[in-house]
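Enquirer: So I've got this file, query.pdb, and it contains PDB, C-alpha atoms:
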ATOM      1  CA  MET P   1       0.000   0.000   0.000  1.00  0.00           C
ATOM      2  CA  ALA P   2       1.302   3.469  -0.887  1.00  0.00           C
ATOM      3  CA  GLU P   3       2.219   5.704   2.041  1.00  0.00           C
ATOM      4  CA  TYR P   4      -0.556   7.989   3.181  1.00  0.00           C
ATOM      5  CA  GLU P   5       0.141  11.709   2.941  1.00  0.00           C
ATOM      6  CA  PHE P   6      -1.283  13.927   5.663  1.00  0.00           C
ATOM      7  CA  SER P   7      -3.228  17.026   4.609  1.00  0.00           C
ATOM      8  CA  GLU P   8      -2.223  20.618   5.351  1.00  0.00           C
ATOM      9  CA  GLU P   9      -4.737  20.685   8.204  1.00  0.00           C
ATOM     10  CA  ASP P  10      -3.291  17.463   9.666  1.00  0.00           C
ATOM     11  CA  ASN P  11       0.195  18.952   9.378  1.00  0.00           C
ATOM     12  CA  LYS P  12      -0.957  21.963  11.397  1.00  0.00           C
ATOM     13  CA  THR P  13      -2.157  19.591  14.119  1.00  0.00           C
ATOM     14  CA  PHE P  14       1.248  17.874  14.130  1.00  0.00           C
ATOM     15  CA  ASP P  15       2.982  21.258  14.291  1.00  0.00           C
ATOM     16  CA  SER P  16       0.849  22.266  17.294  1.00  0.00           C
ATOM     17  CA  LEU P  17       1.499  18.904  18.944  1.00  0.00           C
ATOM     18  CA  SER P  18       5.213  19.337  18.336  1.00  0.00           C
ATOM     19  CA  ARG P  19       5.257  22.795  19.932  1.00  0.00           C
ATOM     20  CA  ALA P  20       3.238  21.590  22.950  1.00  0.00           C
ATOM     21  CA  LEU P  21       5.543  18.585  23.350  1.00  0.00           C
ATOM     22  CA  ARG P  22       8.676  20.782  23.165  1.00  0.00           C
ATOM     23  CA  ARG P  23       7.328  23.109  25.881  1.00  0.00           C
ATOM     24  CA  PHE P  24       6.340  20.094  27.988  1.00  0.00           C
ATOM     25  CA  ALA P  25       9.869  18.637  27.699  1.00  0.00           C
ATOM     26  CA  LEU P  26      11.461  22.015  28.421  1.00  0.00           C
ATOM     27  CA  THR P  27       9.385  22.254  31.617  1.00  0.00           C
ATOM     28  CA  PHE P  28      11.055  19.053  32.834  1.00  0.00           C
ATOM     29  CA  ALA P  29      14.449  20.472  31.798  1.00  0.00           C
ATOM     30  CA  ALA P  30      13.762  23.697  33.705  1.00  0.00           C
ATOM     31  CA  PHE P  31      12.741  21.667  36.756  1.00  0.00           C
ATOM     32  CA  ALA P  32      15.992  19.658  36.536  1.00  0.00           C
ATOM     33  CA  VAL P  33      18.044  22.873  36.374  1.00  0.00           C
ATOM     34  CA  LEU P  34      16.189  24.369  39.364  1.00  0.00           C
ATOM     35  CA  LEU P  35      16.725  21.214  41.400  1.00  0.00           C
ATOM     36  CA  ALA P  36      20.425  21.254  40.458  1.00  0.00           C
ATOM     37  CA  ILE P  37      20.772  24.883  41.588  1.00  0.00           C
ATOM     38  CA  MET P  38      19.052  24.064  44.879  1.00  0.00           C
ATOM     39  CA  GLY P  39      21.261  20.998  45.310  1.00  0.00           C
ATOM     40  CA  ILE P  40      24.406  23.065  44.766  1.00  0.00           C
ATOM     41  CA  ILE P  41      23.226  25.694  47.284  1.00  0.00           C
ATOM     42  CA  TRP P  42      22.319  22.950  49.720  1.00  0.00           C
ATOM     43  CA  ILE P  43      25.732  21.261  49.442  1.00  0.00           C
ATOM     44  CA  ALA P  44      27.630  24.599  49.432  1.00  0.00           C
ATOM     45  CA  THR P  45      25.924  25.755  52.616  1.00  0.00           C
ATOM     46  CA  GLY P  46      26.694  22.425  54.283  1.00  0.00           C
ATOM     47  CA  MET P  47      23.175  21.902  55.467  1.00  0.00           C
ATOM     48  CA  PRO P  48      22.552  18.656  57.336  1.00  0.00           C
ATOM     49  CA  ASN P  49      19.678  16.376  56.407  1.00  0.00           C
ATOM     50  CA  PRO P  50      16.607  18.575  56.287  1.00  0.00           C
ATOM     51  CA  PRO P  51      14.364  18.423  59.317  1.00  0.00           C
ATOM     52  CA  THR P  52      11.148  16.522  58.795  1.00  0.00           C
ATOM     53  CA  ASP P  53       7.959  18.489  59.185  1.00  0.00           C
ATOM     54  CA  SER P  54       4.399  17.467  59.921  1.00  0.00           C
ATOM     55  CA  SER P  55       3.786  16.506  56.299  1.00  0.00           C
ATOM     56  CA  ALA P  56       6.877  14.304  56.007  1.00  0.00           C
ATOM     57  CA  VAL P  57       7.333  10.729  57.121  1.00  0.00           C
ATOM     58  CA  GLU P  58       9.732  10.698  60.053  1.00  0.00           C
ATOM     59  CA  GLY P  59      13.294   9.764  59.159  1.00  0.00           C
ATOM     60  CA  VAL P  60      12.956  10.009  55.369  1.00  0.00           C
ATOM     61  CA  PRO P  61      15.570  12.365  53.881  1.00  0.00           C
ATOM     62  CA  TRP P  62      13.149  14.031  51.489  1.00  0.00           C
ATOM     63  CA  LEU P  63      15.606  16.593  50.172  1.00  0.00           C
ATOM     64  CA  ILE P  64      18.210  13.971  49.299  1.00  0.00           C
ATOM     65  CA  ILE P  65      15.534  12.015  47.424  1.00  0.00           C
ATOM     66  CA  VAL P  66      14.268  15.131  45.668  1.00  0.00           C
ATOM     67  CA  VAL P  67      17.737  16.340  44.629  1.00  0.00           C
ATOM     68  CA  TYR P  68      19.541  13.079  43.833  1.00  0.00           C
ATOM     69  CA  VAL P  69      16.573  11.268  42.314  1.00  0.00           C
ATOM     70  CA  GLY P  70      14.701  14.306  41.064  1.00  0.00           C
ATOM     71  CA  ILE P  71      17.524  15.769  38.939  1.00  0.00           C
ATOM     72  CA  PRO P  72      18.339  12.650  36.878  1.00  0.00           C
ATOM     73  CA  ALA P  73      14.650  11.745  36.650  1.00  0.00           C
ATOM     74  CA  THR P  74      13.484  15.104  35.331  1.00  0.00           C
ATOM     75  CA  ALA P  75      16.505  15.421  33.015  1.00  0.00           C
ATOM     76  CA  ALA P  76      15.813  11.954  31.589  1.00  0.00           C
ATOM     77  CA  LEU P  77      12.136  12.810  31.054  1.00  0.00           C
ATOM     78  CA  ALA P  78      13.109  16.051  29.289  1.00  0.00           C
ATOM     79  CA  LEU P  79      15.443  14.172  26.925  1.00  0.00           C
ATOM     80  CA  MET P  80      12.969  11.348  26.314  1.00  0.00           C
ATOM     81  CA  PHE P  81      10.091  13.687  25.470  1.00  0.00           C
ATOM     82  CA  MET P  82      12.352  15.546  23.009  1.00  0.00           C
ATOM     83  CA  GLN P  83      12.881  12.319  21.038  1.00  0.00           C
ATOM     84  CA  PRO P  84       9.628  12.345  18.999  1.00  0.00           C
ATOM     85  CA  LEU P  85      10.149  15.950  17.851  1.00  0.00           C
ATOM     86  CA  ASP P  86      12.338  15.009  14.862  1.00  0.00           C
ATOM     87  CA  ASN P  87       9.818  12.539  13.514  1.00  0.00           C
ATOM     88  CA  LEU P  88       6.902  14.920  14.074  1.00  0.00           C
ATOM     89  CA  LYS P  89       8.777  17.598  12.158  1.00  0.00           C
ATOM     90  CA  ARG P  90       9.533  15.222   9.292  1.00  0.00           C
ATOM     91  CA  ILE P  91       5.803  14.366   8.977  1.00  0.00           C
ATOM     92  CA  THR P  92       5.147  17.968   8.028  1.00  0.00           C
ATOM     93  CA  THR P  93       8.293  18.660   6.008  1.00  0.00           C
ATOM     94  CA  THR P  94       8.772  15.497   3.961  1.00  0.00           C
ATOM     95  CA  GLU P  95       6.611  13.499   1.596  1.00  0.00           C
ATOM     96  CA  GLY P  96       6.149   9.790   1.025  1.00  0.00           C
ATOM     97  CA  GLN P  97       6.855   8.495   4.516  1.00  0.00           C
ATOM     98  CA  ASP P  98       4.312  10.198   6.767  1.00  0.00           C
ATOM     99  CA  ILE P  99       2.935   7.001   8.322  1.00  0.00           C
ATOM    100  CA  SER P 100       6.440   5.642   9.010  1.00  0.00           C
ATOM    101  CA  GLU P 101       7.381   8.919  10.684  1.00  0.00           C
ATOM    102  CA  LEU P 102       4.133   8.947  12.688  1.00  0.00           C
ATOM    103  CA  LEU P 103       4.742   5.409  13.931  1.00  0.00           C
ATOM    104  CA  ALA P 104       8.337   6.266  14.814  1.00  0.00           C
ATOM    105  CA  ALA P 105       7.078   9.287  16.791  1.00  0.00           C
ATOM    106  CA  LEU P 106       4.465   7.112  18.534  1.00  0.00           C
ATOM    107  CA  GLY P 107       7.210   4.592  19.342  1.00  0.00           C
ATOM    108  CA  ASP P 108       9.318   7.354  20.925  1.00  0.00           C
ATOM    109  CA  LEU P 109       6.276   8.609  22.839  1.00  0.00           C
ATOM    110  CA  ASN P 110       5.636   5.048  23.986  1.00  0.00           C
ATOM    111  CA  GLN P 111       9.152   4.911  25.491  1.00  0.00           C
ATOM    112  CA  SER P 112       8.801   8.364  27.063  1.00  0.00           C
ATOM    113  CA  PHE P 113       5.479   7.467  28.667  1.00  0.00           C
ATOM    114  CA  GLY P 114       7.026   4.180  29.786  1.00  0.00           C
ATOM    115  CA  LEU P 115       9.603   6.151  31.787  1.00  0.00           C
ATOM    116  CA  LEU P 116       6.958   8.574  33.034  1.00  0.00           C
ATOM    117  CA  ARG P 117       4.828   5.617  34.121  1.00  0.00           C
ATOM    118  CA  ILE P 118       7.698   4.327  36.283  1.00  0.00           C
ATOM    119  CA  PHE P 119       7.956   7.689  38.087  1.00  0.00           C
ATOM    120  CA  VAL P 120       4.181   7.979  38.488  1.00  0.00           C
ATOM    121  CA  ALA P 121       4.136   4.409  39.854  1.00  0.00           C
ATOM    122  CA  VAL P 122       6.860   5.281  42.389  1.00  0.00           C
ATOM    123  CA  LEU P 123       4.899   8.376  43.432  1.00  0.00           C
ATOM    124  CA  PHE P 124       1.773   6.245  43.662  1.00  0.00           C
ATOM    125  CA  ILE P 125       3.484   3.642  45.889  1.00  0.00           C
ATOM    126  CA  VAL P 126       4.931   6.379  48.142  1.00  0.00           C
ATOM    127  CA  MET P 127       1.439   7.807  48.585  1.00  0.00           C
ATOM    128  CA  ILE P 128      -0.062   4.401  49.365  1.00  0.00           C
ATOM    129  CA  VAL P 129       2.666   3.890  52.007  1.00  0.00           C
ATOM    130  CA  ARG P 130       1.929   7.321  53.493  1.00  0.00           C
ATOM    131  CA  VAL P 131      -1.789   6.549  53.690  1.00  0.00           C
ATOM    132  CA  ALA P 132      -1.028   3.173  55.287  1.00  0.00           C
ATOM    133  CA  ILE P 133       1.238   4.876  57.866  1.00  0.00           C
ATOM    134  CA  LEU P 134      -1.448   7.463  58.610  1.00  0.00           C
ATOM    135  CA  ILE P 135      -4.139   4.837  59.065  1.00  0.00           C
ATOM    136  CA  PHE P 136      -2.202   2.118  60.875  1.00  0.00           C
ATOM    137  CA  GLY P 137       0.364   4.337  62.611  1.00  0.00           C
TER
ATOM    138  CA  MET R   1      -6.492  10.055  -1.076  1.00  0.00           C
ATOM    139  CA  ALA R   2      -8.133   6.886   0.215  1.00  0.00           C
ATOM    140  CA  GLU R   3      -8.362   6.419   3.973  1.00  0.00           C
ATOM    141  CA  TYR R   4      -5.336   4.605   5.402  1.00  0.00           C
ATOM    142  CA  GLU R   5      -5.860   1.519   7.551  1.00  0.00           C
ATOM    143  CA  PHE R   6      -3.200   0.714  10.129  1.00  0.00           C
ATOM    144  CA  THR R   7      -1.814  -2.832   9.953  1.00  0.00           C
ATOM    145  CA  ALA R   8      -1.986  -5.324  12.824  1.00  0.00           C
ATOM    146  CA  ALA R   9       1.658  -4.599  13.730  1.00  0.00           C
ATOM    147  CA  GLU R  10       1.016  -0.851  13.673  1.00  0.00           C
ATOM    148  CA  ASN R  11      -2.098  -1.321  15.806  1.00  0.00           C
ATOM    149  CA  GLN R  12       0.043  -3.203  18.308  1.00  0.00           C
ATOM    150  CA  SER R  13       2.415  -0.216  18.634  1.00  0.00           C
ATOM    151  CA  ILE R  14      -0.555   2.122  19.068  1.00  0.00           C
ATOM    152  CA  ASP R  15      -2.012  -0.235  21.692  1.00  0.00           C
ATOM    153  CA  GLN R  16       1.240  -0.162  23.691  1.00  0.00           C
ATOM    154  CA  LEU R  17       1.069   3.631  23.881  1.00  0.00           C
ATOM    155  CA  ARG R  18      -2.628   3.467  24.806  1.00  0.00           C
ATOM    156  CA  THR R  19      -1.921   1.008  27.639  1.00  0.00           C
ATOM    157  CA  LYS R  20       0.781   3.252  29.101  1.00  0.00           C
ATOM    158  CA  LEU R  21      -1.398   6.362  28.913  1.00  0.00           C
ATOM    159  CA  SER R  22      -4.272   4.463  30.485  1.00  0.00           C
ATOM    160  CA  SER R  23      -2.238   3.201  33.453  1.00  0.00           C
ATOM    161  CA  ILE R  24      -0.680   6.649  33.995  1.00  0.00           C
ATOM    162  CA  SER R  25      -4.099   8.310  34.030  1.00  0.00           C
ATOM    163  CA  ILE R  26      -5.556   5.745  36.458  1.00  0.00           C
ATOM    164  CA  MET R  27      -2.607   6.112  38.864  1.00  0.00           C
ATOM    165  CA  LEU R  28      -2.836   9.907  38.702  1.00  0.00           C
ATOM    166  CA  VAL R  29      -6.553   9.920  39.493  1.00  0.00           C
ATOM    167  CA  VAL R  30      -6.098   7.502  42.418  1.00  0.00           C
ATOM    168  CA  ALA R  31      -3.097   9.530  43.682  1.00  0.00           C
ATOM    169  CA  GLY R  32      -5.264  12.649  43.453  1.00  0.00           C
ATOM    170  CA  ALA R  33      -8.003  10.931  45.446  1.00  0.00           C
ATOM    171  CA  LEU R  34      -5.428   9.958  48.111  1.00  0.00           C
ATOM    172  CA  LEU R  35      -4.268  13.566  48.298  1.00  0.00           C
ATOM    173  CA  VAL R  36      -7.883  14.617  48.875  1.00  0.00           C
ATOM    174  CA  PHE R  37      -7.740  12.253  51.853  1.00  0.00           C
ATOM    175  CA  PHE R  38      -4.616  14.099  53.117  1.00  0.00           C
ATOM    176  CA  ALA R  39      -6.248  17.473  52.495  1.00  0.00           C
ATOM    177  CA  LEU R  40      -9.271  16.481  54.558  1.00  0.00           C
ATOM    178  CA  GLY R  41      -6.977  15.437  57.405  1.00  0.00           C
ATOM    179  CA  GLY R  42      -4.872  18.612  57.274  1.00  0.00           C
ATOM    180  CA  GLU R  43      -4.529  20.465  60.545  1.00  0.00           C
ATOM    181  CA  THR R  44      -3.524  23.875  59.174  1.00  0.00           C
ATOM    182  CA  SER R  45      -4.895  25.750  56.185  1.00  0.00           C
ATOM    183  CA  GLN R  46      -1.425  25.624  54.599  1.00  0.00           C
ATOM    184  CA  ALA R  47      -1.278  21.829  54.965  1.00  0.00           C
ATOM    185  CA  ILE R  48      -4.732  21.568  53.434  1.00  0.00           C
ATOM    186  CA  TRP R  49      -3.768  23.704  50.430  1.00  0.00           C
ATOM    187  CA  TYR R  50      -0.488  21.826  49.929  1.00  0.00           C
ATOM    188  CA  SER R  51      -2.521  18.629  49.535  1.00  0.00           C
ATOM    189  CA  ALA R  52      -5.610  20.067  47.836  1.00  0.00           C
ATOM    190  CA  ILE R  53      -3.776  21.809  44.954  1.00  0.00           C
ATOM    191  CA  PRO R  54      -1.748  18.721  43.916  1.00  0.00           C
ATOM    192  CA  ALA R  55      -4.913  16.613  44.392  1.00  0.00           C
ATOM    193  CA  ILE R  56      -6.808  18.747  41.876  1.00  0.00           C
ATOM    194  CA  ALA R  57      -3.740  18.790  39.596  1.00  0.00           C
ATOM    195  CA  PHE R  58      -3.387  14.971  39.632  1.00  0.00           C
ATOM    196  CA  ILE R  59      -7.085  14.395  38.951  1.00  0.00           C
ATOM    197  CA  VAL R  60      -7.052  16.886  36.046  1.00  0.00           C
ATOM    198  CA  LEU R  61      -3.854  15.291  34.666  1.00  0.00           C
ATOM    199  CA  GLY R  62      -5.448  11.856  34.961  1.00  0.00           C
ATOM    200  CA  TYR R  63      -8.433  13.089  32.984  1.00  0.00           C
ATOM    201  CA  VAL R  64      -6.447  14.791  30.209  1.00  0.00           C
ATOM    202  CA  TYR R  65      -4.240  11.707  29.739  1.00  0.00           C
ATOM    203  CA  TYR R  66      -7.312   9.504  29.525  1.00  0.00           C
ATOM    204  CA  ARG R  67      -8.792  11.517  26.638  1.00  0.00           C
ATOM    205  CA  PRO R  68      -6.371  10.174  23.970  1.00  0.00           C
ATOM    206  CA  VAL R  69      -6.812   6.629  25.314  1.00  0.00           C
ATOM    207  CA  GLU R  70     -10.371   6.348  24.000  1.00  0.00           C
ATOM    208  CA  ASN R  71      -9.437   7.596  20.533  1.00  0.00           C
ATOM    209  CA  LEU R  72      -6.327   5.409  20.321  1.00  0.00           C
ATOM    210  CA  LYS R  73      -8.540   2.441  21.229  1.00  0.00           C
ATOM    211  CA  ARG R  74     -10.925   3.361  18.416  1.00  0.00           C
ATOM    212  CA  VAL R  75      -8.011   3.571  15.951  1.00  0.00           C
ATOM    213  CA  THR R  76      -7.155  -0.054  16.625  1.00  0.00           C
ATOM    214  CA  SER R  77     -10.683  -1.406  16.993  1.00  0.00           C
ATOM    215  CA  THR R  78     -12.535   0.236  14.109  1.00  0.00           C
ATOM    216  CA  HIS R  79     -12.098   0.255  10.325  1.00  0.00           C
ATOM    217  CA  GLY R  80     -12.396   2.968   7.711  1.00  0.00           C
ATOM    218  CA  GLN R  81     -11.574   6.072   9.732  1.00  0.00           C
ATOM    219  CA  ASP R  82      -8.180   5.367  11.304  1.00  0.00           C
ATOM    220  CA  ILE R  83      -6.518   8.618  10.223  1.00  0.00           C
ATOM    221  CA  MET R  84      -9.420  10.816  11.291  1.00  0.00           C
ATOM    222  CA  ILE R  85      -9.504   9.208  14.756  1.00  0.00           C
ATOM    223  CA  MET R  86      -5.692   9.286  15.007  1.00  0.00           C
ATOM    224  CA  MET R  87      -5.759  13.029  14.363  1.00  0.00           C
ATOM    225  CA  MET R  88      -8.315  13.399  17.175  1.00  0.00           C
ATOM    226  CA  ALA R  89      -5.962  11.451  19.453  1.00  0.00           C
ATOM    227  CA  MET R  90      -3.053  13.697  18.404  1.00  0.00           C
ATOM    228  CA  ASN R  91      -5.141  16.746  19.240  1.00  0.00           C
ATOM    229  CA  ASP R  92      -6.032  15.217  22.629  1.00  0.00           C
ATOM    230  CA  LEU R  93      -2.315  14.611  23.262  1.00  0.00           C
ATOM    231  CA  ARG R  94      -1.543  18.239  22.366  1.00  0.00           C
ATOM    232  CA  ILE R  95      -4.151  19.403  24.907  1.00  0.00           C
ATOM    233  CA  ALA R  96      -2.747  16.974  27.491  1.00  0.00           C
ATOM    234  CA  PHE R  97       0.819  18.307  27.017  1.00  0.00           C
ATOM    235  CA  THR R  98      -0.346  21.921  27.205  1.00  0.00           C
ATOM    236  CA  ILE R  99      -2.402  21.422  30.382  1.00  0.00           C
ATOM    237  CA  SER R 100       0.393  19.301  31.922  1.00  0.00           C
ATOM    238  CA  GLN R 101       2.895  22.072  31.284  1.00  0.00           C
ATOM    239  CA  VAL R 102       0.740  24.642  33.090  1.00  0.00           C
ATOM    240  CA  ILE R 103       0.108  22.271  36.011  1.00  0.00           C
ATOM    241  CA  PHE R 104       3.796  21.323  36.256  1.00  0.00           C
ATOM    242  CA  VAL R 105       4.788  24.984  36.438  1.00  0.00           C
ATOM    243  CA  VAL R 106       2.356  25.472  39.360  1.00  0.00           C
ATOM    244  CA  LEU R 107       3.638  22.315  41.088  1.00  0.00           C
ATOM    245  CA  ILE R 108       7.261  23.351  40.467  1.00  0.00           C
ATOM    246  CA  VAL R 109       6.645  26.740  42.093  1.00  0.00           C
ATOM    247  CA  MET R 110       5.037  24.992  45.062  1.00  0.00           C
ATOM    248  CA  ALA R 111       7.977  22.554  45.281  1.00  0.00           C
ATOM    249  CA  ILE R 112      10.496  25.422  45.168  1.00  0.00           C
ATOM    250  CA  VAL R 113       8.688  27.220  48.000  1.00  0.00           C
ATOM    251  CA  GLN R 114       8.542  24.010  50.044  1.00  0.00           C
ATOM    252  CA  ILE R 115      12.206  23.100  49.416  1.00  0.00           C
ATOM    253  CA  SER R 116      13.307  26.657  50.187  1.00  0.00           C
ATOM    254  CA  ARG R 117      11.498  26.428  53.511  1.00  0.00           C
ATOM    255  CA  MET R 118      13.208  23.091  54.232  1.00  0.00           C
ATOM    256  CA  LEU R 119      16.589  24.664  53.404  1.00  0.00           C
ATOM    257  CA  GLY R 120      15.797  27.532  55.729  1.00  0.00           C
ATOM    258  CA  PHE R 121      15.835  30.266  53.058  1.00  0.00           C
TER
END
Take the structure I supplied and represent it as structure tokens, if you would.

Expert:
Amino acid sequence: MAEYEFSEEDNKTFDSLSRALRRFALTFAAFAVLLAIMGIIWIATGMPNPPTDSSAVEGVPWLIIVVYVGIPATAALALMFMQPLDNLKRITTTEGQDISELLAALGDLNQSFGLLRIFVAVLFIVMIVRVAILIFG
Amino acid sequence: MAEYEFTAAENQSIDQLRTKLSSISIMLVVAGALLVFFALGGETSQAIWYSAIPAIAFIVLGYVYYRPVENLKRVTSTHGQDIMIMMMAMNDLRIAFTISQVIFVVLIVMAIVQISRMLGF
């Protein structure tokens, strides 16, 4: 079967999707940079483990988790969500391989959401543990 | 040009993405519901807001990530209108990314304030 060619209107949708995806990825990148700056300040000022407050589970070093897990996690998400951008751009700028490019972009998105799902699952488990601690002490 | 019909292998790739989006949206909605539980148990107004805002954010995120799931399912389960439905799913994804970006910015600002307080700034 010959490759399907997306219409001008479809291409506009892909362009909009591409822009939204780029901003979404850049938000993760900005978050990673902010966490890195905070981590540097934290280390430079020689702060001990942060004190727990009423909303934290006693004994869990939240800041260490946020900085040392948060930075690589958000940076990885930023990079992963940038991956489909090339293919999305090629859908609108090339001819004769639109479906192949779309499927490649969907494949990249599938991997990105796979990583995001891991982080959401971790967050989900942490929240379940917190609820269990609140209920059962 | 005649309507394109995705092959079985292509449908499988689309299904994998749909499954991931579906599980993410379910976890986000449940996490949001759990945060409502925390908000209700908050002792100070600040504690309530610090649970209520993420709760609303998670439930909204869960909803916007579920929107493309339905259309991606229709792409793989129906015949004759694959491209039209795929474009609807792409539009849903665009909306999901845009809303997520706004919500993440709000959550990032909240996280910065909270971390700054923990650092004693």

Enquirer: Which is closest to chain R among P:Arg117, P:Lys89, P:Lys12, P:Arg22, if we use all atoms listed in the file?

Expert: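 Of P:Arg117, P:Lys89, P:Lys12, P:Arg22, the one nearest chain R, counting all atoms listed in the file, is P:Arg117.
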
Enquirer: Counting all atoms listed in the file, which residues sit no farther than 9 Å from the position (-1.8, 11.5, 4.3) in the file's frame? I'd like them as JSON, numbers by chain.

Expert: {"P": [3, 4, 5, 6, 7, 10, 96, 98, 99], "R": [1, 2, 3, 4, 83]}

Enquirer: Select, from P:Val69, P:Leu77, P:Leu85, P:Leu34, the residue with the minimum atom-to-atom distance to P:Asp15, counting only C-alpha atoms.

Expert: P:Leu85

Enquirer: Could you write out as a PyMOL selection string the residues of chain R within 7 Å of chain P, counting all atoms listed in the file?

Expert: chain R and resi 4+13+16-17+20-21+24+27+31+87+90-91+94+97-98+101+108+118-119

Enquirer: Could you list, as a PyMOL selection string, every residue within 9 Å of P:Leu102, counting only C-alpha atoms and ignoring same-chain residues fewer than 5 positions away?

Expert: chain P and resi 87-88+90-91+97+107

Enquirer: Identify, on the basis of only C-alpha atoms, every residue whose closest approach to R:Ile85 does not exceed 7 Å; exclude the query and any residue fewer than 4 positions from it along the same chain; express the result as a ChimeraX atom specification.

Expert: /R:71,75,81,89

Enquirer: What does the file look like for those residues with C-alpha atoms, as a short mmCIF file (atom, residue, chain, number, x, y, z; two decimals), in the frame of the given file?

Expert:
data_model
loop_
_atom_site.label_atom_id
_atom_site.label_comp_id
_atom_site.auth_asym_id
_atom_site.auth_seq_id
_atom_site.Cartn_x
_atom_site.Cartn_y
_atom_site.Cartn_z
CA ASN R 71 -9.44 7.60 20.53
CA VAL R 75 -8.01 3.57 15.95
CA GLN R 81 -11.57 6.07 9.73
CA ALA R 89 -5.96 11.45 19.45
#

Enquirer: Would you compute the distance between atom CA of R:Leu61 and atom CA of R:Ala96? Give it in Å to one decimal.

Expert: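 Computing the Euclidean distance for atom CA of R:Leu61 and atom CA of R:Ala96 yields 7.5 Å.
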
Enquirer: Report as a compact mmCIF listing (two decimals) with C-alpha atoms, keeping the file's coordinate frame the residues that result from applying the PyMOL selection byres ((chain R and resi 60) around 10) to the structure here.

Expert:
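As a result, result29.txt now contains:
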# COMPACT_ATOMS: atom_id res chain seq x y z
CA SER R 25 -4.10 8.31 34.03
CA LEU R 28 -2.84 9.91 38.70
CA VAL R 29 -6.55 9.92 39.49
CA GLY R 32 -5.26 12.65 43.45
CA PRO R 54 -1.75 18.72 43.92
CA ALA R 55 -4.91 16.61 44.39
CA ILE R 56 -6.81 18.75 41.88
CA ALA R 57 -3.74 18.79 39.60
CA PHE R 58 -3.39 14.97 39.63
CA ILE R 59 -7.08 14.40 38.95
CA LEU R 61 -3.85 15.29 34.67
CA GLY R 62 -5.45 11.86 34.96
CA TYR R 63 -8.43 13.09 32.98
CA VAL R 64 -6.45 14.79 30.21
CA TYR R 65 -4.24 11.71 29.74
CA TYR R 66 -7.31 9.50 29.52
CA ALA R 96 -2.75 16.97 27.49
CA ILE R 99 -2.40 21.42 30.38
CA SER R 100 0.39 19.30 31.92
CA ILE R 103 0.11 22.27 36.01

Enquirer: Please indicate the distance in Å from atom CA of R:Phe38 to atom CA of R:Val113, rounded to one decimal place.

Expert: 19.4 Å

Enquirer: What is the distance, in Å and to one decimal place, between atom CA of P:Ile64 and atom CA of P:Ile40?

Expert: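 That distance, rounded to one decimal, is 11.9 Å.
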
Enquirer: Please enumerate the residues selected by the PyMOL selection byres ((chain R and resi 5) around 7) when evaluated against the supplied file, formatted as a ChimeraX atom specification.

Expert: /R:3-4,6-7,79-80,82

Enquirer: So, with only C-alpha atoms as the atoms that count, which of R:Val102, R:Ser22, R:Pro68, R:Ile53 lies closest to R:Met88?

Expert: R:Pro68

Enquirer: For each of R:Ala39, R:Ala8, R:Leu34, R:Arg18, take the minimum atom-to-atom distance to R:Met86, counting all atoms listed in the file, then give the residue where this is smallest.

Expert: R:Arg18

Enquirer: Since the input lacks some atoms of stretch 73-83 of chain P, please model N, CA and C atoms and print them as a compact mmCIF listing (two decimals), keeping the file's coordinate frame.

Expert:
# COMPACT_ATOMS: atom_id res chain seq x y z
N ALA P 73 15.97 12.16 37.15
CA ALA P 73 14.65 11.74 36.65
C ALA P 73 14.06 12.80 35.71
N THR P 74 14.09 14.06 36.16
CA THR P 74 13.48 15.10 35.33
C THR P 74 14.32 15.36 34.07
N ALA P 75 15.65 15.24 34.20
CA ALA P 75 16.50 15.42 33.02
C ALA P 75 16.24 14.31 32.00
N ALA P 76 16.08 13.09 32.50
CA ALA P 76 15.81 11.95 31.59
C ALA P 76 14.46 12.14 30.90
N LEU P 77 13.46 12.59 31.66
CA LEU P 77 12.14 12.81 31.05
C LEU P 77 12.20 13.90 29.99
N ALA P 78 12.97 14.97 30.28
CA ALA P 78 13.11 16.05 29.29
C ALA P 78 13.71 15.51 27.99
N LEU P 79 14.78 14.72 28.12
CA LEU P 79 15.44 14.17 26.92
C LEU P 79 14.53 13.20 26.18
N MET P 80 13.83 12.36 26.95
CA MET P 80 12.97 11.35 26.31
C MET P 80 11.82 12.01 25.55
N PHE P 81 11.23 13.04 26.14
CA PHE P 81 10.09 13.69 25.47
C PHE P 81 10.53 14.59 24.31
N MET P 82 11.83 14.82 24.19
CA MET P 82 12.35 15.55 23.01
C MET P 82 12.49 14.59 21.81
N GLN P 83 12.59 13.30 22.09
CA GLN P 83 12.88 12.32 21.04
C GLN P 83 11.89 12.34 19.87
